[in-house]
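Asks: Let me begin by handing over the structure; questions about it come next.
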Amino acid sequence: MIINLVRIDDRLIHGQVTTVWTKEAKAERIIVVSDEVANDEIRATLVKQAAPPGIKVSVVSIEKAAAVYKNPKYENDTVFYLFTNPTDILRLIEQGVPIKSINIGGMSFKAGKKQITKAVSVDENDVSAFRKMHEMGVDLCLKVVITDLNVDFIKLLEQEFPIN
């Protein structure tokens, strides 16, 4: 499997993803990787219905995403992975999927999260996952919309959550 783009955007498939990021990814398939979404039949159906024309969409658990990645049947398929959070990406990496770069697009504010940009709010689990991926050599780039400049996300994160 050829991974063309990995993006965190907890809204999953919406206007920006449909019109811009899918074209940027130049992928045949969008794979939404989330145990939570895969186990929610209504949400999974809605995500699939929001897909841009001509693009296949799969909604799978982390375990299934790892298995599909390793299946030789899909070795030439180009994919755009979409996630709702960094913890799920870390789990997929730990199962042997070689993710080298992550585009951080949107993580909405909820109770227990700290807003660090207009589009990104994180909690301690998110921070821990981002730090582990950074230590593994994964490039973390904040880029909400395609016209934004690339922002080194780990530097931004360290400003808000310094290591003691």
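Ordering of the structure tokens sets the chain letters (A, B, ...); residue numbers start at 1 within each chain; ligands are numbered from 1 in the order shown.
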From the DSSP assignment of the backbone, select every residue of chain A that is alpha helix (DSSP H), and format the answer as JSON, numbers by chain.

Replies: {"A": [15, 16, 22, 23, 24, 25, 35, 36, 37, 38, 41, 42, 43, 44, 45, 46, 47, 48, 49, 62, 63, 64, 65, 66, 67, 68, 69, 70, 86, 87, 88, 89, 90, 91, 92, 93, 94, 124, 125, 126, 127, 128, 129, 130, 131, 132, 133, 134, 135, 153, 154, 155, 156, 157, 158, 159, 160]}

Asks: Excluding same-chain residues fewer than 6 positions from Ser34 of chain A, what lies within 7 Å of it counting only C-alpha atoms, as a ChimeraX atom specification?

Replies: /A:60-62,83,88

Asks: When you look at Asp35 of chain A with a cut-off of 12 Å (counting only C-alpha atoms), what residues show up, excluding the ones that are within fewer than 6 positions of it in the same chain? I need them as a list in words.

Replies: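 So, after excluding close chain neighbours, the residues are Glu41, Arg43, Ala44, Val59, Val60, Ser61, Ile62, Glu63, Lys64, Ala65, Phe83, Thr84, Asn85, Thr87, Asp88, Ile89, Arg91 and Leu92 of chain A.
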
Asks: Using only C-alpha atoms, which protein or nucleic acid residues come within 9 Å of Ile55 of chain A? Drop anything in the same chain fewer than 3 positions from it, and give the result as a PyMOL selection string.

Replies: chain A and resi 22+27-30+51-52

Asks: Can I get the selected residues back with N, CA, C and O atoms, as an mmCIF file, in the first residue's frame?

Replies:
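The resulting file, part.cif, is shown below:
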```
data_model
loop_
_atom_site.group_PDB
_atom_site.id
_atom_site.type_symbol
_atom_site.label_atom_id
_atom_site.label_comp_id
_atom_site.auth_asym_id
_atom_site.auth_seq_id
_atom_site.Cartn_x
_atom_site.Cartn_y
_atom_site.Cartn_z
ATOM 1 N N THR A 22 -8.255 15.762 -0.761
ATOM 2 C CA THR A 22 -8.331 14.539 -1.562
ATOM 3 C C THR A 22 -7.554 14.717 -2.863
ATOM 4 O O THR A 22 -6.821 13.821 -3.285
ATOM 5 N N ALA A 27 -4.871 10.086 -4.227
ATOM 6 C CA ALA A 27 -5.053 8.699 -3.798
ATOM 7 C C ALA A 27 -6.344 8.129 -4.378
ATOM 8 O O ALA A 27 -7.304 8.853 -4.622
ATOM 9 N N GLU A 28 -6.330 6.809 -4.547
ATOM 10 C CA GLU A 28 -7.514 6.114 -5.064
ATOM 11 C C GLU A 28 -8.565 5.907 -3.978
ATOM 12 O O GLU A 28 -9.741 5.742 -4.269
ATOM 13 N N ARG A 29 -8.102 5.894 -2.729
ATOM 14 C CA ARG A 29 -9.018 5.549 -1.640
ATOM 15 C C ARG A 29 -8.714 6.386 -0.397
ATOM 16 O O ARG A 29 -7.555 6.624 -0.075
ATOM 17 N N ILE A 30 -9.778 6.800 0.277
ATOM 18 C CA ILE A 30 -9.669 7.403 1.603
ATOM 19 C C ILE A 30 -9.980 6.292 2.590
ATOM 20 O O ILE A 30 -10.998 5.602 2.456
ATOM 21 N N ALA A 51 -18.167 11.289 0.670
ATOM 22 C CA ALA A 51 -16.975 11.125 -0.172
ATOM 23 C C ALA A 51 -17.096 11.881 -1.484
ATOM 24 O O ALA A 51 -18.176 11.985 -2.052
ATOM 25 N N PRO A 52 -15.959 12.376 -1.970
ATOM 26 C CA PRO A 52 -15.983 13.020 -3.286
ATOM 27 C C PRO A 52 -16.252 11.993 -4.383
ATOM 28 O O PRO A 52 -15.921 10.817 -4.218
#
```

Asks: I'd like the neighbourhood of Glu24 of chain A as a list of chain:residue names, where a residue qualifies if any of its atoms comes within 9 Å (using only C-alpha atoms), though same-chain residues fewer than 3 positions away should be ignored.

Replies: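 In the requested form, the answer reads A:Asn4, A:Leu5, A:Val20, A:Trp21, A:Ala27, A:Ile146.
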
Asks: Quick one: residues within 12 Å of Lys70 of chain A, only C-alpha atoms counted, chain neighbours fewer than 2 positions away excluded, as an MDAnalysis selection string?

Replies: chainID A and resid 1:2 63:68 72:77 92 95:98
